[in-house]
Amino acid sequence: MSTRAPDTLPNRLAWAARAACQGQDLALFFSDAEQKVAQAKQICAACPVRRECLDEALLAEGTSLGDGVFGGLTAEERNEAAYLRALKQAAANGQNPPRKPHGRRPAPCGTVSAYRRHIKKREPIDERCRTAKRIADQARRAIAKATVR
């Protein structure tokens, strides 16, 4: 006779066994490359448990599930969805609307960080960012030249 109690509690994540991402390369869902993100979203679009996945990701937001594509949405898209959901819930309960989460603000144009952001997101690079990058490169070269002597 077994001394283990029968598993009578429902598994909250039982839906995951039916997910379309089962057997897929998980690196696809945790990549910053636009093409891989698009592929992950395409898999999610055909998933029979997409809603359950998104609900679980929204519950776990701010934990280890912060990055990656879950329920067909990236972390930024999930943050926006969670905020909209909180707005609706506050309105339904007659509460004051929640404040929009701050998160990190993008670096202002005219900085090297903004230049890098433009490159990463394939955005047009404005003249202020080009100038900041050029000045930073000149300073880096001058420091390297001075330390070689």
# chains A, B, ... in the order shown; residues from 1 in each chain; ligands from 1
>>> closest_atom_pairs(of="range 30-149 of chain A", to="range 15-23 of chain A", cutoff="7 Å", atoms="only C-alpha atoms", output="CSV")
residue,atom,partner,partner_atom,distance
A:Ile43,CA,A:Ala20,CA,6.5
A:Cys44,CA,A:Ala20,CA,6.8
A:Cys47,CA,A:Ala20,CA,4.9
A:Pro48,CA,A:Ala19,CA,6.6
A:Val49,CA,A:Ala19,CA,5.8
>>> residues_around(residues="Gln42 in chain A", least_positions_apart="5", cutoff="12 Å", atoms="only C-alpha atoms", output="VMD selection string")
chain A and resid 20 to 21 28 to 29 35 to 37 47 50 69 to 73
>>> atom_distance(atom1="CA of Glu76 in chain A", atom2="CA of Gln24 in chain A")
22.7 Å
>>> atom_distance(atom1="CA of Glu127 in chain A", atom2="CA of Pro106 in chain A")
17.3 Å
>>> closest_residue(among="A:Gly94, A:Lys100, A:Leu54, A:Arg116", to="Glu80 in chain A", atoms="only C-alpha atoms")
A:Lys100
>>> closest_residue(among="A:Asp25, A:Asp32, A:Glu52, A:Asp126", to="Asp67 in chain A", atoms="only C-alpha atoms")
A:Asp32
>>> residues_around(residues="Ala132 in chain A", least_positions_apart="2", cutoff="7 Å", atoms="only C-alpha atoms", output="MDAnalysis selection string")
chainID A and resid 110:112 128:130 134:136
>>> write_last_selection(atoms="C-alpha atoms", output="short mmCIF file (atom, residue, chain, number, x, y, z; two decimals), in the first residue's frame")
data_model
loop_
_atom_site.label_atom_id
_atom_site.label_comp_id
_atom_site.auth_asym_id
_atom_site.auth_seq_id
_atom_site.Cartn_x
_atom_site.Cartn_y
_atom_site.Cartn_z
CA GLY A 110 21.75 63.43 -28.75
CA THR A 111 23.31 60.63 -26.68
CA VAL A 112 25.31 57.54 -27.59
CA ARG A 128 22.14 64.98 -32.81
CA CYS A 129 22.73 61.25 -32.20
CA ARG A 130 25.30 61.07 -35.02
CA ARG A 134 31.19 60.98 -33.39
CA ILE A 135 32.30 62.96 -30.30
CA ALA A 136 32.33 59.81 -28.16
#
>>> select_by_dssp(residues="range 30-128 of chain A", states="helix (DSSP H, G or I)", output="PDB file with C-alpha atoms, in the first residue's frame")
ATOM      1  CA  PHE A  30      13.466  34.514 -25.760  1.00  0.00           C
ATOM      2  CA  GLU A  34      12.746  40.764 -34.803  1.00  0.00           C
ATOM      3  CA  GLN A  35      12.538  37.765 -37.141  1.00  0.00           C
ATOM      4  CA  LYS A  36      12.557  35.274 -34.252  1.00  0.00           C
ATOM      5  CA  VAL A  37      10.009  37.319 -32.305  1.00  0.00           C
ATOM      6  CA  ALA A  38       7.776  37.289 -35.389  1.00  0.00           C
ATOM      7  CA  GLN A  39       8.153  33.499 -35.684  1.00  0.00           C
ATOM      8  CA  ALA A  40       7.298  33.044 -32.003  1.00  0.00           C
ATOM      9  CA  LYS A  41       4.223  35.244 -32.375  1.00  0.00           C
ATOM     10  CA  GLN A  42       3.160  33.220 -35.416  1.00  0.00           C
ATOM     11  CA  ILE A  43       3.316  30.014 -33.368  1.00  0.00           C
ATOM     12  CA  CYS A  44       1.335  31.692 -30.582  1.00  0.00           C
ATOM     13  CA  ALA A  45      -1.313  32.900 -33.041  1.00  0.00           C
ATOM     14  CA  ARG A  50      -2.966  31.299 -26.029  1.00  0.00           C
ATOM     15  CA  ARG A  51      -5.379  33.025 -23.619  1.00  0.00           C
ATOM     16  CA  GLU A  52      -4.340  30.806 -20.691  1.00  0.00           C
ATOM     17  CA  CYS A  53      -0.663  31.442 -21.472  1.00  0.00           C
ATOM     18  CA  LEU A  54      -1.177  35.193 -21.593  1.00  0.00           C
ATOM     19  CA  ASP A  55      -3.200  35.152 -18.362  1.00  0.00           C
ATOM     20  CA  GLU A  56      -0.428  33.217 -16.606  1.00  0.00           C
ATOM     21  CA  ALA A  57       2.248  35.585 -17.946  1.00  0.00           C
ATOM     22  CA  LEU A  58       0.261  38.608 -16.767  1.00  0.00           C
ATOM     23  CA  LEU A  59      -0.088  37.038 -13.304  1.00  0.00           C
ATOM     24  CA  SER A  64      11.304  35.562 -13.886  1.00  0.00           C
ATOM     25  CA  LEU A  65       8.855  35.591 -16.814  1.00  0.00           C
ATOM     26  CA  GLY A  66       9.681  39.231 -17.557  1.00  0.00           C
ATOM     27  CA  ALA A  75       7.250  41.933 -22.404  1.00  0.00           C
ATOM     28  CA  GLU A  76       6.470  45.505 -23.470  1.00  0.00           C
ATOM     29  CA  GLU A  77       3.163  44.459 -25.021  1.00  0.00           C
ATOM     30  CA  ARG A  78       2.248  42.487 -21.888  1.00  0.00           C
ATOM     31  CA  ASN A  79       3.020  45.502 -19.713  1.00  0.00           C
ATOM     32  CA  GLU A  80       0.632  47.578 -21.826  1.00  0.00           C
ATOM     33  CA  ALA A  81      -2.014  44.815 -21.730  1.00  0.00           C
ATOM     34  CA  ALA A  82      -1.694  44.541 -17.941  1.00  0.00           C
ATOM     35  CA  TYR A  83      -2.110  48.297 -17.604  1.00  0.00           C
ATOM     36  CA  LEU A  84      -5.212  48.324 -19.840  1.00  0.00           C
ATOM     37  CA  ARG A  85      -6.640  45.405 -17.893  1.00  0.00           C
ATOM     38  CA  ALA A  86      -6.056  47.291 -14.611  1.00  0.00           C
ATOM     39  CA  LEU A  87      -7.759  50.375 -16.092  1.00  0.00           C
ATOM     40  CA  LYS A  88     -10.866  48.357 -17.006  1.00  0.00           C
ATOM     41  CA  GLN A  89     -10.923  46.676 -13.618  1.00  0.00           C
ATOM     42  CA  ALA A  90     -10.636  50.010 -11.791  1.00  0.00           C
ATOM     43  CA  ALA A  91     -13.441  51.498 -13.893  1.00  0.00           C
ATOM     44  CA  ALA A  92     -15.669  48.476 -13.239  1.00  0.00           C
ATOM     45  CA  VAL A 112      25.309  57.541 -27.594  1.00  0.00           C
ATOM     46  CA  SER A 113      22.648  55.364 -25.938  1.00  0.00           C
ATOM     47  CA  ALA A 114      19.989  56.841 -28.220  1.00  0.00           C
ATOM     48  CA  TYR A 115      22.268  56.243 -31.209  1.00  0.00           C
ATOM     49  CA  ARG A 116      22.563  52.562 -30.209  1.00  0.00           C
ATOM     50  CA  ARG A 117      18.791  52.340 -29.711  1.00  0.00           C
ATOM     51  CA  HIS A 118      18.222  53.716 -33.234  1.00  0.00           C
ATOM     52  CA  ILE A 119      20.617  51.095 -34.634  1.00  0.00           C
ATOM     53  CA  LYS A 120      19.030  48.247 -32.666  1.00  0.00           C
ATOM     54  CA  GLU A 127      21.928  64.389 -36.575  1.00  0.00           C
ATOM     55  CA  ARG A 128      22.142  64.978 -32.806  1.00  0.00           C
TER      56      ARG A 128
END
>>> decode(residues="range 33-49 of chain A", atoms="all heavy atoms", output="PDB file, in the first residue's frame")
ATOM      1  N   ALA A  33      15.852  39.289 -31.587  1.00  0.00           N
ATOM      2  CA  ALA A  33      15.834  39.437 -33.039  1.00  0.00           C
ATOM      3  C   ALA A  33      14.395  39.510 -33.539  1.00  0.00           C
ATOM      4  O   ALA A  33      13.564  38.668 -33.196  1.00  0.00           O
ATOM      5  CB  ALA A  33      16.559  38.271 -33.704  1.00  0.00           C
ATOM      6  N   GLU A  34      14.112  40.536 -34.333  1.00  0.00           N
ATOM      7  CA  GLU A  34      12.746  40.764 -34.803  1.00  0.00           C
ATOM      8  C   GLU A  34      12.178  39.561 -35.553  1.00  0.00           C
ATOM      9  O   GLU A  34      11.001  39.237 -35.409  1.00  0.00           O
ATOM     10  CB  GLU A  34      12.706  41.996 -35.704  1.00  0.00           C
ATOM     11  CG  GLU A  34      12.905  43.292 -34.958  1.00  0.00           C
ATOM     12  CD  GLU A  34      12.853  44.495 -35.877  1.00  0.00           C
ATOM     13  OE1 GLU A  34      12.108  44.463 -36.870  1.00  0.00           O
ATOM     14  OE2 GLU A  34      13.569  45.466 -35.588  1.00  0.00           O
ATOM     15  N   GLN A  35      13.010  38.904 -36.350  1.00  0.00           N
ATOM     16  CA  GLN A  35      12.538  37.765 -37.141  1.00  0.00           C
ATOM     17  C   GLN A  35      12.111  36.612 -36.225  1.00  0.00           C
ATOM     18  O   GLN A  35      11.080  35.985 -36.440  1.00  0.00           O
ATOM     19  CB  GLN A  35      13.623  37.301 -38.105  1.00  0.00           C
ATOM     20  CG  GLN A  35      13.177  36.175 -39.012  1.00  0.00           C
ATOM     21  CD  GLN A  35      14.282  35.752 -39.970  1.00  0.00           C
ATOM     22  OE1 GLN A  35      15.415  36.213 -39.873  1.00  0.00           O
ATOM     23  NE2 GLN A  35      13.951  34.874 -40.894  1.00  0.00           N
ATOM     24  N   LYS A  36      12.901  36.354 -35.170  1.00  0.00           N
ATOM     25  CA  LYS A  36      12.557  35.274 -34.252  1.00  0.00           C
ATOM     26  C   LYS A  36      11.319  35.624 -33.433  1.00  0.00           C
ATOM     27  O   LYS A  36      10.490  34.767 -33.155  1.00  0.00           O
ATOM     28  CB  LYS A  36      13.742  34.954 -33.345  1.00  0.00           C
ATOM     29  CG  LYS A  36      14.860  34.248 -34.081  1.00  0.00           C
ATOM     30  CD  LYS A  36      15.942  33.795 -33.143  1.00  0.00           C
ATOM     31  CE  LYS A  36      16.988  33.018 -33.930  1.00  0.00           C
ATOM     32  NZ  LYS A  36      18.007  32.446 -33.053  1.00  0.00           N
ATOM     33  N   VAL A  37      11.199  36.887 -33.038  1.00  0.00           N
ATOM     34  CA  VAL A  37      10.009  37.319 -32.305  1.00  0.00           C
ATOM     35  C   VAL A  37       8.774  37.126 -33.181  1.00  0.00           C
ATOM     36  O   VAL A  37       7.743  36.643 -32.724  1.00  0.00           O
ATOM     37  CB  VAL A  37      10.146  38.786 -31.830  1.00  0.00           C
ATOM     38  CG1 VAL A  37       8.826  39.312 -31.300  1.00  0.00           C
ATOM     39  CG2 VAL A  37      11.231  38.910 -30.774  1.00  0.00           C
ATOM     40  N   ALA A  38       8.899  37.459 -34.462  1.00  0.00           N
ATOM     41  CA  ALA A  38       7.776  37.289 -35.389  1.00  0.00           C
ATOM     42  C   ALA A  38       7.414  35.814 -35.539  1.00  0.00           C
ATOM     43  O   ALA A  38       6.223  35.465 -35.587  1.00  0.00           O
ATOM     44  CB  ALA A  38       8.109  37.898 -36.751  1.00  0.00           C
ATOM     45  N   GLN A  39       8.422  34.937 -35.591  1.00  0.00           N
ATOM     46  CA  GLN A  39       8.153  33.499 -35.684  1.00  0.00           C
ATOM     47  C   GLN A  39       7.452  33.003 -34.418  1.00  0.00           C
ATOM     48  O   GLN A  39       6.508  32.212 -34.493  1.00  0.00           O
ATOM     49  CB  GLN A  39       9.454  32.723 -35.883  1.00  0.00           C
ATOM     50  CG  GLN A  39      10.046  32.854 -37.259  1.00  0.00           C
ATOM     51  CD  GLN A  39      11.383  32.128 -37.356  1.00  0.00           C
ATOM     52  OE1 GLN A  39      12.212  32.223 -36.456  1.00  0.00           O
ATOM     53  NE2 GLN A  39      11.579  31.402 -38.441  1.00  0.00           N
ATOM     54  N   ALA A  40       7.922  33.459 -33.266  1.00  0.00           N
ATOM     55  CA  ALA A  40       7.298  33.044 -32.003  1.00  0.00           C
ATOM     56  C   ALA A  40       5.844  33.499 -31.954  1.00  0.00           C
ATOM     57  O   ALA A  40       4.958  32.742 -31.550  1.00  0.00           O
ATOM     58  CB  ALA A  40       8.084  33.615 -30.825  1.00  0.00           C
ATOM     59  N   LYS A  41       5.598  34.730 -32.376  1.00  0.00           N
ATOM     60  CA  LYS A  41       4.223  35.244 -32.375  1.00  0.00           C
ATOM     61  C   LYS A  41       3.343  34.460 -33.341  1.00  0.00           C
ATOM     62  O   LYS A  41       2.143  34.266 -33.082  1.00  0.00           O
ATOM     63  CB  LYS A  41       4.212  36.728 -32.734  1.00  0.00           C
ATOM     64  CG  LYS A  41       4.698  37.623 -31.612  1.00  0.00           C
ATOM     65  CD  LYS A  41       4.602  39.066 -32.034  1.00  0.00           C
ATOM     66  CE  LYS A  41       4.851  39.994 -30.873  1.00  0.00           C
ATOM     67  NZ  LYS A  41       4.500  41.373 -31.176  1.00  0.00           N
ATOM     68  N   GLN A  42       3.918  34.008 -34.441  1.00  0.00           N
ATOM     69  CA  GLN A  42       3.160  33.220 -35.416  1.00  0.00           C
ATOM     70  C   GLN A  42       2.745  31.876 -34.807  1.00  0.00           C
ATOM     71  O   GLN A  42       1.619  31.421 -35.000  1.00  0.00           O
ATOM     72  CB  GLN A  42       4.011  33.005 -36.670  1.00  0.00           C
ATOM     73  CG  GLN A  42       3.257  32.473 -37.841  1.00  0.00           C
ATOM     74  CD  GLN A  42       4.137  32.453 -39.091  1.00  0.00           C
ATOM     75  OE1 GLN A  42       5.357  32.443 -39.019  1.00  0.00           O
ATOM     76  NE2 GLN A  42       3.506  32.456 -40.241  1.00  0.00           N
ATOM     77  N   ILE A  43       3.648  31.274 -34.053  1.00  0.00           N
ATOM     78  CA  ILE A  43       3.316  30.014 -33.368  1.00  0.00           C
ATOM     79  C   ILE A  43       2.213  30.268 -32.340  1.00  0.00           C
ATOM     80  O   ILE A  43       1.253  29.511 -32.239  1.00  0.00           O
ATOM     81  CB  ILE A  43       4.574  29.412 -32.704  1.00  0.00           C
ATOM     82  CG1 ILE A  43       5.556  28.942 -33.788  1.00  0.00           C
ATOM     83  CG2 ILE A  43       4.207  28.261 -31.773  1.00  0.00           C
ATOM     84  CD1 ILE A  43       6.926  28.582 -33.271  1.00  0.00           C
ATOM     85  N   CYS A  44       2.346  31.355 -31.600  1.00  0.00           N
ATOM     86  CA  CYS A  44       1.335  31.692 -30.582  1.00  0.00           C
ATOM     87  C   CYS A  44      -0.032  31.966 -31.208  1.00  0.00           C
ATOM     88  O   CYS A  44      -1.059  31.649 -30.604  1.00  0.00           O
ATOM     89  CB  CYS A  44       1.783  32.919 -29.782  1.00  0.00           C
ATOM     90  SG  CYS A  44       3.182  32.628 -28.684  1.00  0.00           S
ATOM     91  N   ALA A  45      -0.046  32.552 -32.393  1.00  0.00           N
ATOM     92  CA  ALA A  45      -1.313  32.900 -33.041  1.00  0.00           C
ATOM     93  C   ALA A  45      -2.177  31.662 -33.290  1.00  0.00           C
ATOM     94  O   ALA A  45      -3.400  31.747 -33.255  1.00  0.00           O
ATOM     95  CB  ALA A  45      -1.048  33.640 -34.347  1.00  0.00           C
ATOM     96  N   ALA A  46      -1.530  30.520 -33.528  1.00  0.00           N
ATOM     97  CA  ALA A  46      -2.270  29.290 -33.812  1.00  0.00           C
ATOM     98  C   ALA A  46      -2.436  28.413 -32.570  1.00  0.00           C
ATOM     99  O   ALA A  46      -2.947  27.303 -32.669  1.00  0.00           O
ATOM    100  CB  ALA A  46      -1.538  28.497 -34.899  1.00  0.00           C
ATOM    101  N   CYS A  47      -2.033  28.904 -31.425  1.00  0.00           N
ATOM    102  CA  CYS A  47      -2.042  28.102 -30.200  1.00  0.00           C
ATOM    103  C   CYS A  47      -3.444  28.003 -29.599  1.00  0.00           C
ATOM    104  O   CYS A  47      -4.125  29.012 -29.435  1.00  0.00           O
ATOM    105  CB  CYS A  47      -1.082  28.709 -29.186  1.00  0.00           C
ATOM    106  SG  CYS A  47      -0.921  27.703 -27.696  1.00  0.00           S
ATOM    107  N   PRO A  48      -3.872  26.785 -29.227  1.00  0.00           N
ATOM    108  CA  PRO A  48      -5.210  26.624 -28.643  1.00  0.00           C
ATOM    109  C   PRO A  48      -5.315  27.138 -27.202  1.00  0.00           C
ATOM    110  O   PRO A  48      -6.418  27.330 -26.700  1.00  0.00           O
ATOM    111  CB  PRO A  48      -5.437  25.104 -28.689  1.00  0.00           C
ATOM    112  CG  PRO A  48      -4.070  24.512 -28.666  1.00  0.00           C
ATOM    113  CD  PRO A  48      -3.194  25.484 -29.403  1.00  0.00           C
ATOM    114  N   VAL A  49      -4.174  27.369 -26.542  1.00  0.00           N
ATOM    115  CA  VAL A  49      -4.209  27.827 -25.151  1.00  0.00           C
ATOM    116  C   VAL A  49      -3.534  29.194 -25.001  1.00  0.00           C
ATOM    117  O   VAL A  49      -2.991  29.522 -23.945  1.00  0.00           O
ATOM    118  CB  VAL A  49      -3.549  26.790 -24.202  1.00  0.00           C
ATOM    119  CG1 VAL A  49      -4.398  25.531 -24.129  1.00  0.00           C
ATOM    120  CG2 VAL A  49      -2.135  26.482 -24.631  1.00  0.00           C
TER     121      VAL A  49
END
